[in-house]
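The next block is coords14.csv, given as CSV, N, CA and C atoms and all ligand atoms.
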chain,number,residue,atom,x,y,z
N,178,MET,N,-15.8,4.9,-19.7
N,178,MET,CA,-15.8,3.5,-19.9
N,178,MET,C,-17.2,2.9,-19.7
N,179,LYS,N,-17.7,2.2,-20.7
N,179,LYS,CA,-19.0,1.7,-20.6
N,179,LYS,C,-19.1,0.4,-19.8
N,180,THR,N,-20.2,0.2,-19.1
N,180,THR,CA,-20.3,-1.0,-18.3
N,180,THR,C,-20.5,-2.2,-19.2
N,181,PRO,N,-19.7,-3.3,-18.9
N,181,PRO,CA,-19.8,-4.5,-19.7
N,181,PRO,C,-21.1,-5.2,-19.5
N,182,ARG,N,-21.7,-5.7,-20.5
N,182,ARG,CA,-22.9,-6.6,-20.4
N,182,ARG,C,-22.4,-8.0,-20.4
N,183,ARG,N,-22.2,-8.6,-19.3
N,183,ARG,CA,-21.5,-9.8,-19.2
N,183,ARG,C,-22.3,-11.0,-19.6
N,184,GLY,N,-21.7,-11.9,-20.3
N,184,GLY,CA,-22.4,-13.2,-20.6
N,184,GLY,C,-23.4,-13.0,-21.8
N,185,ARG,N,-23.4,-11.9,-22.4
N,185,ARG,CA,-24.3,-11.7,-23.5
N,185,ARG,C,-24.0,-12.6,-24.7
N,186,ARG,N,-22.7,-12.7,-25.0
N,186,ARG,CA,-22.2,-13.6,-26.0
N,186,ARG,C,-21.6,-14.8,-25.4
N,187,ARG,N,-21.8,-15.9,-26.0
N,187,ARG,CA,-21.3,-17.1,-25.4
N,187,ARG,C,-20.1,-17.6,-26.2
N,188,LEU,N,-18.9,-17.0,-25.8
N,188,LEU,CA,-17.7,-17.4,-26.4
N,188,LEU,C,-17.1,-18.6,-25.5
N,189,PRO,N,-16.5,-19.5,-26.2
N,189,PRO,CA,-15.9,-20.7,-25.4
N,189,PRO,C,-14.8,-20.2,-24.5
N,190,PRO,N,-15.1,-20.3,-23.1
N,190,PRO,CA,-14.1,-19.7,-22.2
N,190,PRO,C,-12.7,-20.3,-22.2
N,191,VAL,N,-12.7,-21.6,-22.5
N,191,VAL,CA,-11.4,-22.3,-22.5
N,191,VAL,C,-10.6,-21.8,-23.7
N,192,GLN,N,-11.2,-21.6,-24.8
N,192,GLN,CA,-10.5,-21.1,-26.0
N,192,GLN,C,-10.0,-19.7,-25.8
N,193,THR,N,-10.9,-18.8,-25.4
N,193,THR,CA,-10.5,-17.4,-25.2
N,193,THR,C,-9.5,-17.3,-24.1
N,194,GLY,N,-9.7,-18.1,-23.0
N,194,GLY,CA,-8.7,-18.1,-21.9
N,194,GLY,C,-7.3,-18.5,-22.3
N,195,LEU,N,-7.3,-19.6,-23.1
N,195,LEU,CA,-5.9,-20.1,-23.5
N,195,LEU,C,-5.2,-19.1,-24.4
N,196,SER,N,-6.0,-18.4,-25.2
N,196,SER,CA,-5.4,-17.5,-26.1
N,196,SER,C,-5.2,-16.1,-25.5
N,197,GLY,N,-5.7,-15.9,-24.2
N,197,GLY,CA,-5.5,-14.7,-23.5
N,197,GLY,C,-6.3,-13.5,-24.1
N,198,ARG,N,-7.5,-13.9,-24.5
N,198,ARG,CA,-8.4,-12.9,-25.1
N,198,ARG,C,-9.5,-12.5,-24.1
N,199,CYS,N,-10.2,-11.3,-24.4
N,199,CYS,CA,-11.3,-10.8,-23.6
N,199,CYS,C,-12.4,-11.8,-23.6
N,200,PRO,N,-13.0,-12.0,-22.4
N,200,PRO,CA,-14.1,-13.0,-22.3
N,200,PRO,C,-15.4,-12.4,-23.0
N,201,GLU,N,-15.5,-11.1,-23.1
N,201,GLU,CA,-16.7,-10.5,-23.6
N,201,GLU,C,-16.8,-10.5,-25.2
N,202,CYS,N,-15.7,-10.1,-25.8
N,202,CYS,CA,-15.7,-10.0,-27.3
N,202,CYS,C,-14.7,-11.0,-27.9
N,203,GLY,N,-13.8,-11.5,-27.2
N,203,GLY,CA,-12.8,-12.5,-27.8
N,203,GLY,C,-11.8,-11.8,-28.7
N,204,GLU,N,-11.7,-10.5,-28.7
N,204,GLU,CA,-10.8,-9.8,-29.6
N,204,GLU,C,-9.7,-9.1,-28.8
N,205,GLY,N,-10.0,-8.4,-27.7
N,205,GLY,CA,-8.9,-7.7,-27.0
N,205,GLY,C,-8.1,-8.6,-26.2
N,206,GLN,N,-6.9,-8.1,-25.9
N,206,GLN,CA,-5.9,-8.8,-25.0
N,206,GLN,C,-6.4,-8.8,-23.6
N,207,LEU,N,-6.3,-9.9,-22.9
N,207,LEU,CA,-6.6,-10.0,-21.5
N,207,LEU,C,-5.5,-9.6,-20.6
N,208,PHE,N,-4.3,-9.9,-21.0
N,208,PHE,CA,-3.1,-9.6,-20.2
N,208,PHE,C,-2.3,-8.4,-20.7
N,209,LYS,N,-1.8,-7.6,-19.7
N,209,LYS,CA,-0.9,-6.5,-20.1
N,209,LYS,C,0.5,-6.8,-19.9
N,210,GLY,N,0.8,-7.9,-19.1
N,210,GLY,CA,2.2,-8.3,-19.0
N,210,GLY,C,2.2,-9.8,-19.0
N,211,LEU,N,3.0,-10.4,-18.2
N,211,LEU,CA,3.0,-11.9,-18.2
N,211,LEU,C,1.8,-12.5,-17.5
N,212,LEU,N,1.5,-11.9,-16.3
N,212,LEU,CA,0.4,-12.5,-15.5
N,212,LEU,C,-0.6,-11.5,-15.1
N,213,SER,N,-0.4,-10.2,-15.3
N,213,SER,CA,-1.4,-9.2,-14.8
N,213,SER,C,-2.4,-8.9,-15.9
N,214,PHE,N,-3.7,-8.6,-15.5
N,214,PHE,CA,-4.7,-8.3,-16.4
N,214,PHE,C,-4.7,-6.9,-16.8
N,215,GLN,N,-5.2,-6.6,-18.0
N,215,GLN,CA,-5.5,-5.2,-18.4
N,215,GLN,C,-6.6,-4.6,-17.5
N,216,GLU,N,-6.7,-3.3,-17.5
N,216,GLU,CA,-7.7,-2.7,-16.7
N,216,GLU,C,-9.1,-2.8,-17.5
N,217,SER,N,-9.0,-2.8,-18.8
N,217,SER,CA,-10.2,-2.9,-19.6
N,217,SER,C,-9.8,-3.5,-21.0
N,218,CYS,N,-10.8,-3.9,-21.7
N,218,CYS,CA,-10.5,-4.4,-23.0
N,218,CYS,C,-10.4,-3.3,-24.0
N,219,ALA,N,-9.4,-3.4,-24.8
N,219,ALA,CA,-9.1,-2.3,-25.8
N,219,ALA,C,-10.2,-2.4,-27.0
N,220,ALA,N,-10.8,-3.5,-27.2
N,220,ALA,CA,-11.7,-3.7,-28.3
N,220,ALA,C,-13.1,-3.3,-27.9
N,221,CYS,N,-13.6,-3.8,-26.7
N,221,CYS,CA,-15.0,-3.6,-26.4
N,221,CYS,C,-15.2,-2.8,-25.1
N,222,ASP,N,-14.1,-2.4,-24.4
N,222,ASP,CA,-14.1,-1.6,-23.3
N,222,ASP,C,-14.7,-2.2,-22.0
N,223,ALA,N,-14.8,-3.5,-22.0
N,223,ALA,CA,-15.2,-4.2,-20.8
N,223,ALA,C,-14.2,-4.1,-19.7
N,224,SER,N,-14.7,-3.7,-18.5
N,224,SER,CA,-13.8,-3.5,-17.4
N,224,SER,C,-13.4,-4.8,-16.7
N,225,PHE,N,-12.1,-4.9,-16.4
N,225,PHE,CA,-11.6,-6.1,-15.8
N,225,PHE,C,-11.1,-5.7,-14.3
N,226,LEU,N,-11.4,-4.6,-13.9
N,226,LEU,CA,-10.9,-4.1,-12.6
N,226,LEU,C,-11.4,-4.9,-11.4
N,227,ASP,N,-12.7,-5.3,-11.4
N,227,ASP,CA,-13.2,-6.0,-10.3
N,227,ASP,C,-13.0,-7.5,-10.4
N,228,GLU,N,-12.4,-7.9,-11.4
N,228,GLU,CA,-12.2,-9.4,-11.6
N,228,GLU,C,-11.0,-9.9,-11.0
N,229,ASP,N,-11.1,-11.1,-10.5
N,229,ASP,CA,-9.9,-11.7,-9.9
N,229,ASP,C,-10.1,-13.2,-10.0
N,230,ALA,N,-9.1,-13.9,-10.6
N,230,ALA,CA,-9.1,-15.3,-10.7
N,230,ALA,C,-8.8,-16.0,-9.4
N,231,GLY,N,-8.4,-15.3,-8.4
N,231,GLY,CA,-8.1,-15.9,-7.1
N,231,GLY,C,-6.9,-16.8,-7.1
N,232,ASP,N,-7.0,-17.7,-6.1
N,232,ASP,CA,-5.9,-18.7,-6.0
N,232,ASP,C,-6.1,-19.9,-6.8
N,233,GLY,N,-7.2,-20.1,-7.5
N,233,GLY,CA,-7.5,-21.3,-8.2
N,233,GLY,C,-6.4,-21.7,-9.3
N,234,PRO,N,-6.0,-20.7,-10.1
N,234,PRO,CA,-5.0,-21.1,-11.1
N,234,PRO,C,-3.7,-21.6,-10.5
N,235,ALA,N,-3.3,-21.0,-9.3
N,235,ALA,CA,-2.0,-21.5,-8.7
N,235,ALA,C,-2.2,-22.9,-8.2
N,236,ILE,N,-3.3,-23.3,-7.7
N,236,ILE,CA,-3.5,-24.6,-7.2
N,236,ILE,C,-3.4,-25.6,-8.3
N,237,PHE,N,-4.0,-25.3,-9.5
N,237,PHE,CA,-3.9,-26.2,-10.6
N,237,PHE,C,-2.4,-26.3,-11.1
N,238,VAL,N,-1.7,-25.3,-11.1
N,238,VAL,CA,-0.3,-25.3,-11.5
N,238,VAL,C,0.5,-26.1,-10.6
N,239,ILE,N,0.3,-25.9,-9.3
N,239,ILE,CA,1.0,-26.7,-8.3
N,239,ILE,C,0.8,-28.2,-8.5
N,240,PHE,N,-0.5,-28.6,-8.7
N,240,PHE,CA,-0.8,-30.0,-9.0
N,240,PHE,C,-0.1,-30.5,-10.2
N,241,ALA,N,-0.2,-29.7,-11.3
N,241,ALA,CA,0.4,-30.1,-12.6
N,241,ALA,C,1.9,-30.3,-12.5
N,242,VAL,N,2.5,-29.3,-11.9
N,242,VAL,CA,4.0,-29.4,-11.8
N,242,VAL,C,4.4,-30.5,-10.8
N,243,GLY,N,3.7,-30.7,-9.7
N,243,GLY,CA,4.0,-31.7,-8.8
N,243,GLY,C,3.8,-33.1,-9.3
N,244,ILE,N,2.7,-33.3,-10.1
N,244,ILE,CA,2.4,-34.6,-10.6
N,244,ILE,C,3.2,-35.0,-11.9
N,245,PHE,N,3.5,-34.1,-12.8
N,245,PHE,CA,4.1,-34.4,-14.0
N,245,PHE,C,5.6,-34.0,-14.1
N,246,ILE,N,6.0,-32.8,-13.6
N,246,ILE,CA,7.3,-32.3,-13.9
N,246,ILE,C,8.3,-32.8,-12.8
N,247,ILE,N,7.9,-32.8,-11.6
N,247,ILE,CA,8.8,-33.3,-10.5
N,247,ILE,C,9.2,-34.8,-10.8
N,248,PRO,N,8.3,-35.7,-11.1
N,248,PRO,CA,8.7,-37.1,-11.4
N,248,PRO,C,9.7,-37.1,-12.6
N,249,MET,N,9.5,-36.3,-13.6
N,249,MET,CA,10.4,-36.3,-14.7
N,249,MET,C,11.8,-35.8,-14.3
N,250,ALA,N,11.9,-34.9,-13.4
N,250,ALA,CA,13.2,-34.4,-12.9
N,250,ALA,C,13.9,-35.5,-12.1
N,251,LEU,N,13.1,-36.2,-11.3
N,251,LEU,CA,13.7,-37.3,-10.5
N,251,LEU,C,14.1,-38.5,-11.5
N,252,ALA,N,13.3,-38.8,-12.5
N,252,ALA,CA,13.7,-39.8,-13.5
N,252,ALA,C,14.9,-39.4,-14.2
N,253,PHE,N,15.0,-38.1,-14.6
N,253,PHE,CA,16.2,-37.6,-15.3
N,253,PHE,C,17.5,-37.9,-14.4
N,254,HIS,N,17.4,-37.5,-13.2
N,254,HIS,CA,18.5,-37.7,-12.3
N,254,HIS,C,18.9,-39.1,-12.1
N,255,MET,N,17.9,-40.0,-11.9
N,255,MET,CA,18.1,-41.4,-11.6
N,255,MET,C,18.7,-42.1,-12.8
N,256,LEU,N,18.1,-41.8,-14.0
N,256,LEU,CA,18.5,-42.5,-15.2
N,256,LEU,C,19.9,-42.1,-15.8
N,257,LEU,N,20.1,-40.8,-15.8
N,257,LEU,CA,21.3,-40.2,-16.4
N,257,LEU,C,22.4,-40.0,-15.4
N,258,ASP,N,22.1,-39.9,-14.1
N,258,ASP,CA,23.1,-39.7,-13.1
N,258,ASP,C,24.0,-38.6,-13.3
N,259,PRO,N,23.5,-37.4,-13.6
N,259,PRO,CA,24.4,-36.2,-13.8
N,259,PRO,C,24.8,-35.7,-12.4
N,260,PRO,N,25.7,-34.8,-12.3
N,260,PRO,CA,26.0,-34.1,-11.1
N,260,PRO,C,24.7,-33.4,-10.6
N,261,LEU,N,24.6,-33.4,-9.3
N,261,LEU,CA,23.3,-32.8,-8.7
N,261,LEU,C,23.1,-31.4,-9.1
N,262,ALA,N,24.2,-30.6,-9.2
N,262,ALA,CA,24.0,-29.2,-9.6
N,262,ALA,C,23.4,-29.1,-11.0
N,263,VAL,N,23.8,-30.0,-11.9
N,263,VAL,CA,23.3,-30.0,-13.3
N,263,VAL,C,21.8,-30.2,-13.3
N,264,THR,N,21.4,-31.3,-12.5
N,264,THR,CA,20.0,-31.6,-12.4
N,264,THR,C,19.2,-30.4,-11.8
N,265,PHE,N,19.8,-29.8,-10.8
N,265,PHE,CA,19.1,-28.7,-10.1
N,265,PHE,C,19.0,-27.5,-11.0
N,266,VAL,N,20.0,-27.1,-11.7
N,266,VAL,CA,19.9,-25.9,-12.6
N,266,VAL,C,18.9,-26.2,-13.8
N,267,ILE,N,19.0,-27.3,-14.4
N,267,ILE,CA,18.2,-27.6,-15.6
N,267,ILE,C,16.7,-27.6,-15.2
N,268,TRP,N,16.4,-28.4,-14.1
N,268,TRP,CA,15.0,-28.6,-13.7
N,268,TRP,C,14.4,-27.4,-13.0
N,269,SER,N,15.3,-26.6,-12.3
N,269,SER,CA,14.7,-25.4,-11.7
N,269,SER,C,14.2,-24.5,-12.8
N,270,LEU,N,15.0,-24.3,-13.9
N,270,LEU,CA,14.6,-23.5,-15.0
N,270,LEU,C,13.3,-24.0,-15.7
N,271,ILE,N,13.3,-25.3,-15.9
N,271,ILE,CA,12.1,-25.9,-16.5
N,271,ILE,C,10.9,-25.7,-15.6
N,272,ILE,N,11.0,-25.9,-14.3
N,272,ILE,CA,9.9,-25.8,-13.4
N,272,ILE,C,9.4,-24.4,-13.3
N,273,ILE,N,10.3,-23.4,-13.2
N,273,ILE,CA,9.9,-22.0,-13.2
N,273,ILE,C,9.2,-21.6,-14.4
N,274,LEU,N,9.8,-21.9,-15.6
N,274,LEU,CA,9.2,-21.4,-16.8
N,274,LEU,C,7.9,-22.1,-17.1
N,275,SER,N,7.8,-23.4,-16.9
N,275,SER,CA,6.6,-24.1,-17.1
N,275,SER,C,5.5,-23.6,-16.1
N,276,SER,N,5.9,-23.3,-14.9
N,276,SER,CA,4.9,-22.8,-13.9
N,276,SER,C,4.3,-21.4,-14.4
N,277,LEU,N,5.2,-20.6,-14.8
N,277,LEU,CA,4.7,-19.3,-15.3
N,277,LEU,C,3.8,-19.4,-16.5
N,278,TRP,N,4.2,-20.3,-17.4
N,278,TRP,CA,3.4,-20.5,-18.7
N,278,TRP,C,2.1,-21.1,-18.3
N,279,LEU,N,2.1,-22.1,-17.4
N,279,LEU,CA,0.8,-22.7,-17.0
N,279,LEU,C,-0.1,-21.8,-16.2
N,280,LEU,N,0.6,-20.9,-15.4
N,280,LEU,CA,-0.2,-20.0,-14.6
N,280,LEU,C,-0.9,-19.0,-15.5
N,281,ARG,N,-0.2,-18.5,-16.5
N,281,ARG,CA,-0.9,-17.6,-17.5
N,281,ARG,C,-2.1,-18.2,-18.1
N,282,LEU,N,-1.9,-19.5,-18.6
N,282,LEU,CA,-3.0,-20.2,-19.3
N,282,LEU,C,-4.1,-20.4,-18.3
N,283,MET,N,-3.8,-20.8,-17.1
N,283,MET,CA,-4.9,-21.1,-16.1
N,283,MET,C,-5.6,-19.9,-15.7
N,284,ARG,N,-4.9,-18.8,-15.5
N,284,ARG,CA,-5.5,-17.5,-15.1
N,284,ARG,C,-6.5,-17.0,-16.2
N,285,GLY,N,-6.0,-17.2,-17.4
N,285,GLY,CA,-6.9,-16.8,-18.5
N,285,GLY,C,-8.2,-17.6,-18.6
N,286,VAL,N,-8.0,-18.9,-18.4
N,286,VAL,CA,-9.2,-19.8,-18.5
N,286,VAL,C,-10.1,-19.6,-17.3
N,287,MET,N,-9.6,-19.5,-16.1
N,287,MET,CA,-10.5,-19.4,-15.0
N,287,MET,C,-11.1,-18.0,-15.0
N,288,PHE,N,-10.4,-17.0,-15.4
N,288,PHE,CA,-11.0,-15.7,-15.5
N,288,PHE,C,-12.2,-15.7,-16.5
N,289,ASN,N,-12.0,-16.3,-17.6
N,289,ASN,CA,-13.0,-16.4,-18.7
N,289,ASN,C,-14.2,-17.2,-18.2
N,290,ILE,N,-14.0,-18.3,-17.5
N,290,ILE,CA,-15.1,-19.1,-16.9
N,290,ILE,C,-15.9,-18.3,-15.9
N,291,ALA,N,-15.1,-17.6,-15.0
N,291,ALA,CA,-15.8,-16.8,-14.0
N,291,ALA,C,-16.6,-15.6,-14.6
N,292,TRP,N,-16.1,-15.1,-15.7
N,292,TRP,CA,-16.7,-14.0,-16.4
N,292,TRP,C,-18.1,-14.5,-17.0
N,293,GLN,N,-18.0,-15.6,-17.6
N,293,GLN,CA,-19.2,-16.1,-18.3
N,293,GLN,C,-20.3,-16.5,-17.3
N,294,ARG,N,-19.9,-17.0,-16.1
N,294,ARG,CA,-20.8,-17.4,-15.1
N,294,ARG,C,-21.2,-16.3,-14.2
N,295,ASN,N,-20.6,-15.1,-14.5
N,295,ASN,CA,-20.9,-13.9,-13.7
N,295,ASN,C,-20.5,-14.1,-12.2
N,296,ALA,N,-19.5,-14.8,-11.9
N,296,ALA,CA,-19.0,-15.1,-10.6
N,296,ALA,C,-18.3,-13.8,-10.1
N,297,ARG,N,-18.4,-13.5,-8.8
N,297,ARG,CA,-17.8,-12.4,-8.3
N,297,ARG,C,-17.5,-12.7,-6.8
N,298,GLU,N,-16.6,-11.9,-6.2
N,298,GLU,CA,-16.3,-12.0,-4.8
N,298,GLU,C,-17.4,-11.6,-4.0
N,299,VAL,N,-17.7,-12.4,-2.9
N,299,VAL,CA,-18.8,-12.0,-2.0
N,299,VAL,C,-18.2,-11.1,-1.0
N,300,ARG,N,-18.9,-10.0,-0.8
N,300,ARG,CA,-18.4,-8.9,0.2
N,300,ARG,C,-19.3,-8.8,1.4
N,301,LEU,N,-18.8,-8.2,2.4
N,301,LEU,CA,-19.5,-8.1,3.7
N,301,LEU,C,-20.8,-7.3,3.4
N,302,GLN,N,-20.8,-6.3,2.5
N,302,GLN,CA,-21.9,-5.5,2.2
N,302,GLN,C,-23.1,-6.4,1.7
N,303,ASP,N,-22.8,-7.5,1.0
N,303,ASP,CA,-23.8,-8.4,0.5
N,303,ASP,C,-24.6,-9.0,1.6
N,304,PHE,N,-24.1,-9.2,2.8
N,304,PHE,CA,-24.8,-9.8,3.9
N,304,PHE,C,-25.4,-8.7,4.8
N,305,LYS,N,-25.0,-7.5,4.8
N,305,LYS,CA,-25.5,-6.5,5.7
N,305,LYS,C,-27.0,-6.2,5.4
N,306,GLY,N,-27.3,-6.2,4.1
N,306,GLY,CA,-28.7,-6.0,3.7
N,306,GLY,C,-29.6,-7.0,4.2
N,307,LYS,N,-29.2,-8.3,4.3
N,307,LYS,CA,-30.0,-9.4,4.7
N,307,LYS,C,-30.2,-9.3,6.2
N,308,ASP,N,-29.2,-9.0,7.0
N,308,ASP,CA,-29.3,-8.9,8.4
N,308,ASP,C,-30.2,-7.8,8.9
N,309,SER,N,-30.2,-6.7,8.2
N,309,SER,CA,-31.1,-5.6,8.6
N,309,SER,C,-32.6,-5.9,8.3
N,310,ASP,N,-32.9,-6.8,7.4
N,310,ASP,CA,-34.3,-7.2,7.1
N,310,ASP,C,-34.9,-8.0,8.2
N,311,THR,N,-34.1,-8.7,9.0
N,311,THR,CA,-34.7,-9.6,10.0
N,311,THR,C,-34.8,-8.9,11.3
N,401,ZN,ZN,-13.4,-7.2,-25.2
Just give me the structure as structure tokens.
Amino acid sequence: MKTPRRGRRRLPPVQTGLSGRCPECGEGQLFKGLLSFQESCAACDASFLDEDAGDGPAIFVIFAVGIFIIPMALAFHMLLDPPLAVTFVIWSLIIILSSLWLLRLMRGVMFNIAWQRNAREVRLQDFKGKDSDT
């Protein structure tokens, strides 16, 4: 597996993220399932093993669902006055499916943005070298 040369090409991260494409070449699939990333790109062999979108996508999804979908569920129940079980079943499905869909989109976008900006997790080893110099 060859080492990816990150950020060489400037692909639009939102576009490649929303389409679930590789941030390096824009051709290969980023996801191997619903939410998990491939180990590497099938088209350009860029490694995705060290990449992690973190908790950021989940935070955006929680805000989006809480701000837009929960009020719609409440409005549905107040305006149409169906049995509570009907409201619960319908909106539980809508909330779960929309959350999974939004989470996939946001993971792709945030992964692509992090890739282009060469962001990575800071590890303890990164600071050990600085301490030994002083
Ligand atoms: Zn690629």
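Distance-wise, atom CA of Val286 of chain N and atom CA of Cys221 of chain N end up 18.9 Å apart.
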Note to self: as a VMD selection string, please: the residues near Pro200 of chain N (cut-off 10 Å, only C-alpha atoms, same-chain neighbours under 6 positions excluded).
What the structure shows: chain N and resid 183 to 184 186 to 194 206 to 207 218 223 225 285 to 286 288 to 293
Check: So, counting only C-alpha atoms, which residue among N:Cys202, N:Ser196, N:Ser276, N:Asn295 is closest to Ile239 of chain N?
Finding: N:Ser276
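Across the model, the gap from atom CA of Glu228 of chain N to atom C of Glu216 of chain N is 9.4 Å.
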Next item on the list: Using all atoms listed in the file, pick whichever of N:Ala250, N:Leu256, N:Val242, N:Cys199 has the shortest atom-to-atom distance to Ala219 of chain N.
Entry: N:Cys199
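Atom pair atom CA of Pro234 of chain N / atom CA of Phe265 of chain N: separated by 25.3 Å.
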Note to self: Please return, as number ranges by chain, all residues of segment 185-308 of chain N that DSSP assigns to helix (DSSP H, G or I) on the basis of the backbone.
What the structure shows: N: 190-195, 233-257, 261-293, 301-308
